[in-house]
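Beneath this line is the structure, given in structure tokens, with notes to follow.
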Amino acid sequence: MSRRYTVLVTGFGPFGASPVNPAEAVAEALDGSVIDRARVLGLKVPNSFGQSVDTVRHAVAREDPDLIVMLGEYGGRALITVERLAINYEDSARYRLSDNDGAVRTGTPVVDGAPAAYFTTLPVRAIVSRLRERGIPADVSDTPGTFVCNHLLFSTLHDLAQSGSAARAGWIHLPHLPEVAALPEHLGSPSMTLELSVEAVR
């Protein structure tokens, strides 16, 4: 019998000036689905430096996933971007953003004494190639930002490295949803429908 795999898909909820986050909506849409031999579990993650890491750690300990695909929104990007790395540095002040707990971090490491960066363990180029073949605009990104997305990605990769886990993990950034790009504060920003974002991650 073929082995079954468990895929954990995480998505942030609303934050900052984005009242609806495509990451949460995609994780919710995929929750409970079966894709080939993979059982998909969707998890909403609070947009919080402290809570996000604990939420994912508990889910990983409970579900022991083979693959962790973390999702976030990156306003201003016009396509799906698959992150290649996470950096041990955070600076939410540069975006004039606090997390949903009101925390602002400026020029601090994500994990004291950890490496400067971790490469993700997803097949980044293959993912991008597959998406483009399916007519979905996508590219590799080397800039995961210095906000909570990078914080969670780095922390998760660090945890996996420290534990010796064979689980693969990485991050995919999604554009604004059309209804967010229609708001006065985002008018003119690139957007992507929820249906296309779901298909891309699927």
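Order determines the names: the first chain of the structure tokens is A, the second B, and so forth; residues in each chain are numbered 1 upward, and ligands are numbered 1 upward as they are shown.
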
Name all residues at most 12 Å from A:His158 (count only C-alpha atoms; drop same-chain ones fewer than 3 positions away) and give them as a PyMOL selection string.
chain A and resi 53+57+85-88+110-121+150-155+161-165+168-170

Saved selection, atoms kept: N, CA, C and O atoms, as a short mmCIF file (atom, residue, chain, number, x, y, z; two decimals), in the first residue's frame:
data_model
loop_
_atom_site.label_atom_id
_atom_site.label_comp_id
_atom_site.auth_asym_id
_atom_site.auth_seq_id
_atom_site.Cartn_x
_atom_site.Cartn_y
_atom_site.Cartn_z
N VAL A 53 4.59 31.35 16.28
CA VAL A 53 5.54 30.25 16.41
C VAL A 53 4.97 29.16 17.31
O VAL A 53 5.03 27.96 16.98
N ARG A 57 4.27 25.31 16.23
CA ARG A 57 4.98 24.27 16.98
C ARG A 57 4.01 23.22 17.53
O ARG A 57 4.26 22.01 17.45
N LEU A 85 14.51 31.55 1.03
CA LEU A 85 15.21 31.53 2.31
C LEU A 85 14.49 32.37 3.35
O LEU A 85 13.57 33.12 3.04
N ALA A 86 14.94 32.22 4.58
CA ALA A 86 14.49 33.06 5.70
C ALA A 86 15.74 33.61 6.37
O ALA A 86 16.76 32.92 6.45
N ILE A 87 15.67 34.84 6.85
CA ILE A 87 16.84 35.47 7.45
C ILE A 87 16.63 35.69 8.95
O ILE A 87 15.51 35.88 9.43
N ASN A 88 17.74 35.66 9.67
CA ASN A 88 17.70 35.82 11.13
C ASN A 88 17.74 37.30 11.51
O ASN A 88 18.66 37.77 12.19
N VAL A 110 15.87 36.95 14.94
CA VAL A 110 14.72 36.10 15.21
C VAL A 110 15.06 35.14 16.34
O VAL A 110 14.29 34.98 17.30
N VAL A 111 16.23 34.51 16.24
CA VAL A 111 16.71 33.56 17.26
C VAL A 111 18.16 33.90 17.58
O VAL A 111 19.03 33.81 16.71
N ASP A 112 18.42 34.29 18.79
CA ASP A 112 19.79 34.61 19.20
C ASP A 112 20.72 33.42 18.98
O ASP A 112 20.40 32.29 19.38
N GLY A 113 21.87 33.68 18.35
CA GLY A 113 22.88 32.64 18.17
C GLY A 113 22.61 31.67 17.04
O GLY A 113 23.43 30.78 16.79
N ALA A 114 21.49 31.83 16.33
CA ALA A 114 21.17 30.94 15.20
C ALA A 114 21.91 31.41 13.95
O ALA A 114 22.46 32.52 13.91
N PRO A 115 21.95 30.60 12.90
CA PRO A 115 22.60 31.03 11.64
C PRO A 115 21.96 32.29 11.08
O PRO A 115 20.84 32.66 11.43
N ALA A 116 22.68 32.95 10.19
CA ALA A 116 22.19 34.18 9.57
C ALA A 116 20.98 33.93 8.69
O ALA A 116 20.13 34.81 8.52
N ALA A 117 20.88 32.73 8.13
CA ALA A 117 19.76 32.41 7.24
C ALA A 117 19.61 30.90 7.14
O ALA A 117 20.54 30.14 7.43
N TYR A 118 18.42 30.49 6.75
CA TYR A 118 18.14 29.10 6.38
C TYR A 118 17.51 29.09 5.00
O TYR A 118 16.63 29.91 4.70
N PHE A 119 17.95 28.16 4.17
CA PHE A 119 17.24 27.92 2.93
C PHE A 119 16.00 27.08 3.23
O PHE A 119 16.05 26.18 4.08
N THR A 120 14.91 27.35 2.53
CA THR A 120 13.74 26.50 2.66
C THR A 120 14.06 25.13 2.06
O THR A 120 15.03 24.98 1.31
N THR A 121 13.25 24.16 2.38
CA THR A 121 13.50 22.81 1.89
C THR A 121 12.43 22.36 0.89
O THR A 121 12.28 21.16 0.64
N ASN A 150 8.55 36.25 7.84
CA ASN A 150 9.95 35.79 7.95
C ASN A 150 10.23 35.22 9.33
O ASN A 150 10.94 34.22 9.48
N HIS A 151 9.67 35.85 10.35
CA HIS A 151 9.86 35.39 11.73
C HIS A 151 9.39 33.95 11.89
O HIS A 151 10.10 33.11 12.45
N LEU A 152 8.19 33.66 11.39
CA LEU A 152 7.64 32.31 11.52
C LEU A 152 8.40 31.31 10.65
O LEU A 152 8.69 30.19 11.09
N LEU A 153 8.74 31.71 9.44
CA LEU A 153 9.48 30.82 8.55
C LEU A 153 10.84 30.47 9.14
O LEU A 153 11.23 29.29 9.20
N PHE A 154 11.58 31.47 9.59
CA PHE A 154 12.90 31.22 10.17
C PHE A 154 12.79 30.33 11.40
O PHE A 154 13.54 29.36 11.57
N SER A 155 11.86 30.66 12.28
CA SER A 155 11.70 29.89 13.53
C SER A 155 11.37 28.44 13.24
O SER A 155 11.90 27.52 13.90
N ALA A 161 15.63 22.07 11.96
CA ALA A 161 17.06 21.79 11.91
C ALA A 161 17.58 21.30 13.26
O ALA A 161 18.38 20.36 13.33
N GLN A 162 17.10 21.91 14.33
CA GLN A 162 17.56 21.53 15.67
C GLN A 162 17.08 20.14 16.06
O GLN A 162 17.78 19.42 16.77
N SER A 163 15.89 19.78 15.59
CA SER A 163 15.32 18.49 15.97
C SER A 163 15.77 17.36 15.05
O SER A 163 15.56 16.18 15.36
N GLY A 164 16.37 17.71 13.91
CA GLY A 164 16.77 16.69 12.95
C GLY A 164 15.60 16.13 12.17
O GLY A 164 15.71 15.07 11.55
N SER A 165 14.49 16.84 12.15
CA SER A 165 13.29 16.38 11.45
C SER A 165 13.53 16.29 9.94
O SER A 165 14.24 17.10 9.36
N ARG A 168 9.84 18.68 5.28
CA ARG A 168 10.20 19.82 4.43
C ARG A 168 9.30 21.00 4.79
O ARG A 168 8.14 20.81 5.18
N ALA A 169 9.84 22.20 4.61
CA ALA A 169 9.05 23.39 4.96
C ALA A 169 9.46 24.57 4.09
O ALA A 169 10.61 24.68 3.67
N GLY A 170 8.51 25.43 3.83
CA GLY A 170 8.79 26.64 3.06
C GLY A 170 7.62 27.60 3.10
O GLY A 170 6.62 27.37 3.80
#

Leaving out stretch 97-100 of chain A and any residue of its chain fewer than 4 positions from it, which residues lie within 9 Å of it when counting only C-alpha atoms, given as number ranges by chain?
A: 14-16, 46-49, 92-93, 104-105, 147-148

With N, CA and C atoms retained, export the selected residues as an mmCIF file, in the first residue's frame.
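Output file out-v3.cif is given in full below:
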data_model
loop_
_atom_site.group_PDB
_atom_site.id
_atom_site.type_symbol
_atom_site.label_atom_id
_atom_site.label_comp_id
_atom_site.auth_asym_id
_atom_site.auth_seq_id
_atom_site.Cartn_x
_atom_site.Cartn_y
_atom_site.Cartn_z
ATOM 1 N N PRO A 14 -6.202 38.441 9.165
ATOM 2 C CA PRO A 14 -6.042 39.857 8.828
ATOM 3 C C PRO A 14 -4.947 40.530 9.662
ATOM 4 N N PHE A 15 -4.316 41.538 9.067
ATOM 5 C CA PHE A 15 -3.314 42.328 9.794
ATOM 6 C C PHE A 15 -3.185 43.678 9.127
ATOM 7 N N GLY A 16 -2.681 44.651 9.864
ATOM 8 C CA GLY A 16 -2.436 45.973 9.294
ATOM 9 C C GLY A 16 -3.655 46.526 8.594
ATOM 10 N N PRO A 46 -2.208 33.233 14.161
ATOM 11 C CA PRO A 46 -2.306 34.651 14.515
ATOM 12 C C PRO A 46 -1.096 35.426 14.022
ATOM 13 N N ASN A 47 -1.327 36.630 13.521
ATOM 14 C CA ASN A 47 -0.241 37.465 13.026
ATOM 15 C C ASN A 47 0.437 38.130 14.219
ATOM 16 N N SER A 48 1.231 37.337 14.898
ATOM 17 C CA SER A 48 1.867 37.754 16.145
ATOM 18 C C SER A 48 3.232 37.107 16.229
ATOM 19 N N PHE A 49 4.247 37.898 16.551
ATOM 20 C CA PHE A 49 5.596 37.351 16.675
ATOM 21 C C PHE A 49 5.622 36.160 17.647
ATOM 22 N N SER A 92 10.157 45.175 11.727
ATOM 23 C CA SER A 92 8.802 45.547 11.316
ATOM 24 C C SER A 92 8.624 47.059 11.267
ATOM 25 N N ALA A 93 9.506 47.793 11.937
ATOM 26 C CA ALA A 93 9.395 49.249 11.948
ATOM 27 C C ALA A 93 9.569 49.837 10.551
ATOM 28 N N VAL A 104 6.332 45.849 17.947
ATOM 29 C CA VAL A 104 7.181 46.325 16.856
ATOM 30 C C VAL A 104 8.605 45.864 17.154
ATOM 31 N N ARG A 105 9.267 45.309 16.146
ATOM 32 C CA ARG A 105 10.647 44.865 16.339
ATOM 33 C C ARG A 105 11.550 45.585 15.353
ATOM 34 N N PHE A 147 9.152 40.926 8.646
ATOM 35 C CA PHE A 147 7.984 41.029 9.521
ATOM 36 C C PHE A 147 7.657 39.629 10.052
ATOM 37 N N VAL A 148 6.405 39.364 10.389
ATOM 38 C CA VAL A 148 6.043 38.111 11.044
ATOM 39 C C VAL A 148 6.177 36.910 10.108
#

Residue contacts of A:Val198 (9 Å, only C-alpha atoms) excluding same-chain residues fewer than 5 positions away, as a ChimeraX atom specification:
/A:22,25-27,29-30,193

Would you export the selected residues with C-alpha atoms as an mmCIF file, in the first residue's frame, please?
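For reference, again.cif as written:
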data_model
loop_
_atom_site.group_PDB
_atom_site.id
_atom_site.type_symbol
_atom_site.label_atom_id
_atom_site.label_comp_id
_atom_site.auth_asym_id
_atom_site.auth_seq_id
_atom_site.Cartn_x
_atom_site.Cartn_y
_atom_site.Cartn_z
ATOM 1 C CA PRO A 22 -5.709 35.379 1.243
ATOM 2 C CA ALA A 25 -8.716 31.855 3.078
ATOM 3 C CA VAL A 26 -6.502 29.442 1.103
ATOM 4 C CA ALA A 27 -5.580 27.395 4.187
ATOM 5 C CA ALA A 29 -10.234 26.150 1.528
ATOM 6 C CA LEU A 30 -7.670 23.328 1.463
ATOM 7 C CA THR A 193 -8.576 35.953 -7.062
#

Nearest to A:Ser189: which of A:Arg202, A:Lys44, A:Arg37, A:Arg77 is it, counting only C-alpha atoms?
A:Arg77

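Excluding A:Val128 and any residue on its chain fewer than 6 positions from it, the residues at most 12 Å away by only C-alpha atoms are A:Leu79, A:Ile80, A:Thr81, A:Val82, A:Glu83, A:Arg84, A:Leu122, A:Arg134, A:Gly135, A:Ile136, A:Pro137, A:Ala138, A:Asp139, A:Val140, A:Ser141, A:Ile172, A:Ala200, A:Val201.
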
In Å and to one decimal, atom CA of A:Leu41 is distant from atom CA of A:Val7 by 6.2 Å

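Closest approach to A:Pro175 among A:Leu160, A:Val124, A:Ala23, A:Ala103: A:Ala23, based on only C-alpha atoms.
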
Can you list, as a PDB file with N, CA, C and O atoms, in the first residue's frame, all residues belonging to stretch 67-160 of chain A that DSSP tags as strand (DSSP E)?
ATOM      1  N   LEU A  67       5.252  17.669   5.352  1.00  0.00           N
ATOM      2  CA  LEU A  67       5.459  18.902   4.589  1.00  0.00           C
ATOM      3  C   LEU A  67       4.713  20.033   5.274  1.00  0.00           C
ATOM      4  O   LEU A  67       3.565  19.862   5.694  1.00  0.00           O
ATOM      5  N   ILE A  68       5.386  21.173   5.406  1.00  0.00           N
ATOM      6  CA  ILE A  68       4.766  22.363   5.999  1.00  0.00           C
ATOM      7  C   ILE A  68       4.844  23.484   4.965  1.00  0.00           C
ATOM      8  O   ILE A  68       5.940  23.921   4.593  1.00  0.00           O
ATOM      9  N   VAL A  69       3.694  23.909   4.489  1.00  0.00           N
ATOM     10  CA  VAL A  69       3.617  25.006   3.521  1.00  0.00           C
ATOM     11  C   VAL A  69       2.971  26.189   4.221  1.00  0.00           C
ATOM     12  O   VAL A  69       1.784  26.148   4.564  1.00  0.00           O
ATOM     13  N   MET A  70       3.760  27.222   4.463  1.00  0.00           N
ATOM     14  CA  MET A  70       3.260  28.402   5.163  1.00  0.00           C
ATOM     15  C   MET A  70       2.926  29.496   4.151  1.00  0.00           C
ATOM     16  O   MET A  70       3.654  29.696   3.175  1.00  0.00           O
ATOM     17  N   LEU A  71       1.822  30.188   4.404  1.00  0.00           N
ATOM     18  CA  LEU A  71       1.320  31.191   3.471  1.00  0.00           C
ATOM     19  C   LEU A  71       1.210  32.547   4.140  1.00  0.00           C
ATOM     20  O   LEU A  71       0.876  32.656   5.323  1.00  0.00           O
ATOM     21  N   GLY A  72       1.463  33.583   3.355  1.00  0.00           N
ATOM     22  CA  GLY A  72       1.274  34.949   3.818  1.00  0.00           C
ATOM     23  C   GLY A  72       0.907  35.847   2.649  1.00  0.00           C
ATOM     24  O   GLY A  72       1.002  35.447   1.486  1.00  0.00           O
ATOM     25  N   GLU A  73       0.496  37.037   2.981  1.00  0.00           N
ATOM     26  CA  GLU A  73       0.153  38.042   1.964  1.00  0.00           C
ATOM     27  C   GLU A  73       1.324  39.010   1.808  1.00  0.00           C
ATOM     28  O   GLU A  73       1.925  39.420   2.802  1.00  0.00           O
ATOM     29  N   ILE A  80       2.353  34.913  -7.542  1.00  0.00           N
ATOM     30  CA  ILE A  80       2.723  33.997  -6.475  1.00  0.00           C
ATOM     31  C   ILE A  80       4.239  34.018  -6.336  1.00  0.00           C
ATOM     32  O   ILE A  80       4.960  33.885  -7.327  1.00  0.00           O
ATOM     33  N   THR A  81       4.738  34.183  -5.128  1.00  0.00           N
ATOM     34  CA  THR A  81       6.186  34.173  -4.927  1.00  0.00           C
ATOM     35  C   THR A  81       6.554  33.095  -3.909  1.00  0.00           C
ATOM     36  O   THR A  81       6.016  33.063  -2.806  1.00  0.00           O
ATOM     37  N   VAL A  82       7.457  32.224  -4.322  1.00  0.00           N
ATOM     38  CA  VAL A  82       7.908  31.120  -3.478  1.00  0.00           C
ATOM     39  C   VAL A  82       9.251  31.532  -2.872  1.00  0.00           C
ATOM     40  O   VAL A  82      10.222  31.770  -3.593  1.00  0.00           O
ATOM     41  N   GLU A  83       9.282  31.633  -1.569  1.00  0.00           N
ATOM     42  CA  GLU A  83      10.481  32.130  -0.894  1.00  0.00           C
ATOM     43  C   GLU A  83      11.584  31.072  -0.877  1.00  0.00           C
ATOM     44  O   GLU A  83      11.334  29.900  -0.623  1.00  0.00           O
ATOM     45  N   LEU A  85      14.505  31.553   1.030  1.00  0.00           N
ATOM     46  CA  LEU A  85      15.215  31.529   2.309  1.00  0.00           C
ATOM     47  C   LEU A  85      14.492  32.369   3.346  1.00  0.00           C
ATOM     48  O   LEU A  85      13.566  33.116   3.042  1.00  0.00           O
ATOM     49  N   ALA A  86      14.938  32.217   4.582  1.00  0.00           N
ATOM     50  CA  ALA A  86      14.494  33.059   5.697  1.00  0.00           C
ATOM     51  C   ALA A  86      15.740  33.606   6.372  1.00  0.00           C
ATOM     52  O   ALA A  86      16.761  32.924   6.449  1.00  0.00           O
ATOM     53  N   ILE A  87      15.666  34.837   6.853  1.00  0.00           N
ATOM     54  CA  ILE A  87      16.840  35.473   7.453  1.00  0.00           C
ATOM     55  C   ILE A  87      16.634  35.694   8.954  1.00  0.00           C
ATOM     56  O   ILE A  87      15.509  35.876   9.425  1.00  0.00           O
ATOM     57  N   GLU A  90      14.831  40.776  12.052  1.00  0.00           N
ATOM     58  CA  GLU A  90      13.480  41.314  11.946  1.00  0.00           C
ATOM     59  C   GLU A  90      13.461  42.817  12.172  1.00  0.00           C
ATOM     60  O   GLU A  90      14.191  43.349  12.995  1.00  0.00           O
ATOM     61  N   ASP A  91      12.626  43.467  11.377  1.00  0.00           N
ATOM     62  CA  ASP A  91      12.548  44.929  11.406  1.00  0.00           C
ATOM     63  C   ASP A  91      11.168  45.345  10.887  1.00  0.00           C
ATOM     64  O   ASP A  91      11.014  45.771   9.755  1.00  0.00           O
ATOM     65  N   THR A 106      12.690  46.016  15.848  1.00  0.00           N
ATOM     66  CA  THR A 106      13.596  46.825  15.035  1.00  0.00           C
ATOM     67  C   THR A 106      15.024  46.310  15.178  1.00  0.00           C
ATOM     68  O   THR A 106      15.643  46.457  16.229  1.00  0.00           O
ATOM     69  N   GLY A 107      15.533  45.689  14.115  1.00  0.00           N
ATOM     70  CA  GLY A 107      16.935  45.289  14.086  1.00  0.00           C
ATOM     71  C   GLY A 107      17.323  44.231  15.086  1.00  0.00           C
ATOM     72  O   GLY A 107      18.436  44.257  15.612  1.00  0.00           O
ATOM     73  N   THR A 108      16.432  43.277  15.360  1.00  0.00           N
ATOM     74  CA  THR A 108      16.729  42.220  16.310  1.00  0.00           C
ATOM     75  C   THR A 108      16.794  40.872  15.592  1.00  0.00           C
ATOM     76  O   THR A 108      16.152  40.685  14.563  1.00  0.00           O
ATOM     77  N   ALA A 117      20.878  32.733   8.129  1.00  0.00           N
ATOM     78  CA  ALA A 117      19.760  32.412   7.241  1.00  0.00           C
ATOM     79  C   ALA A 117      19.610  30.901   7.141  1.00  0.00           C
ATOM     80  O   ALA A 117      20.536  30.142   7.429  1.00  0.00           O
ATOM     81  N   TYR A 118      18.415  30.489   6.750  1.00  0.00           N
ATOM     82  CA  TYR A 118      18.139  29.102   6.383  1.00  0.00           C
ATOM     83  C   TYR A 118      17.509  29.088   5.004  1.00  0.00           C
ATOM     84  O   TYR A 118      16.631  29.908   4.702  1.00  0.00           O
ATOM     85  N   PHE A 119      17.948  28.159   4.174  1.00  0.00           N
ATOM     86  CA  PHE A 119      17.242  27.923   2.930  1.00  0.00           C
ATOM     87  C   PHE A 119      16.001  27.075   3.227  1.00  0.00           C
ATOM     88  O   PHE A 119      16.046  26.182   4.084  1.00  0.00           O
ATOM     89  N   ALA A 138       4.081  33.203 -11.431  1.00  0.00           N
ATOM     90  CA  ALA A 138       4.825  32.844 -10.226  1.00  0.00           C
ATOM     91  C   ALA A 138       6.300  33.117 -10.438  1.00  0.00           C
ATOM     92  O   ALA A 138       6.791  33.139 -11.563  1.00  0.00           O
ATOM     93  N   ASP A 139       7.017  33.322  -9.325  1.00  0.00           N
ATOM     94  CA  ASP A 139       8.458  33.522  -9.404  1.00  0.00           C
ATOM     95  C   ASP A 139       9.082  33.150  -8.065  1.00  0.00           C
ATOM     96  O   ASP A 139       8.400  33.057  -7.039  1.00  0.00           O
ATOM     97  N   VAL A 140      10.397  32.962  -8.083  1.00  0.00           N
ATOM     98  CA  VAL A 140      11.175  32.747  -6.872  1.00  0.00           C
ATOM     99  C   VAL A 140      11.415  34.108  -6.218  1.00  0.00           C
ATOM    100  O   VAL A 140      11.619  35.108  -6.899  1.00  0.00           O
ATOM    101  N   SER A 141      11.388  34.134  -4.902  1.00  0.00           N
ATOM    102  CA  SER A 141      11.696  35.356  -4.159  1.00  0.00           C
ATOM    103  C   SER A 141      12.837  35.087  -3.195  1.00  0.00           C
ATOM    104  O   SER A 141      12.885  34.043  -2.543  1.00  0.00           O
TER     105      SER A 141
END

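One finds atom CA of A:Leu131 at 26.0 Å from atom CA of A:Ser2.
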
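The smallest atom-to-atom distance between A:Gly32 and any of A:Val9, A:Val56, A:Pro19, A:Asp66, using only C-alpha atoms, is found for A:Val9.
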
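For the atom pair formed by atom CA of A:Thr10 and atom CA of A:Glu28, the distance is 8.9 Å, given to one decimal.
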
In stretch 6-153 of chain A, what's alpha helix (DSSP H) per DSSP? Answer as a PyMOL selection string?
chain A and resi 22-30+49-63+124-133+148-153

Within 12 Å of A:Glu179, counting only C-alpha atoms, which residues show up once you throw out same-chain ones fewer than 6 positions away? Write them as a tab-separated table (two decimals) with C-alpha atoms, in the first residue's frame, please.
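The result, written out as around23.tsv:
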chain	number	residue	atom	x	y	z
A	18	SER	CA	-5.61	44.19	5.10
A	19	PRO	CA	-9.05	43.24	6.45
A	20	VAL	CA	-9.01	39.92	4.57
A	21	ASN	CA	-5.89	37.78	4.19
A	22	PRO	CA	-5.71	35.38	1.24
A	185	GLU	CA	-5.51	52.63	0.78
A	186	HIS	CA	-4.59	49.87	-1.68
A	187	LEU	CA	-6.20	51.11	-4.88
A	188	GLY	CA	-4.03	50.19	-7.84
A	189	SER	CA	-2.24	47.35	-6.06
A	190	PRO	CA	-1.92	44.05	-7.94
A	191	SER	CA	-4.37	41.35	-6.91
A	192	MET	CA	-5.25	37.71	-7.50
A	193	THR	CA	-8.58	35.95	-7.06
A	194	LEU	CA	-9.02	33.53	-4.22
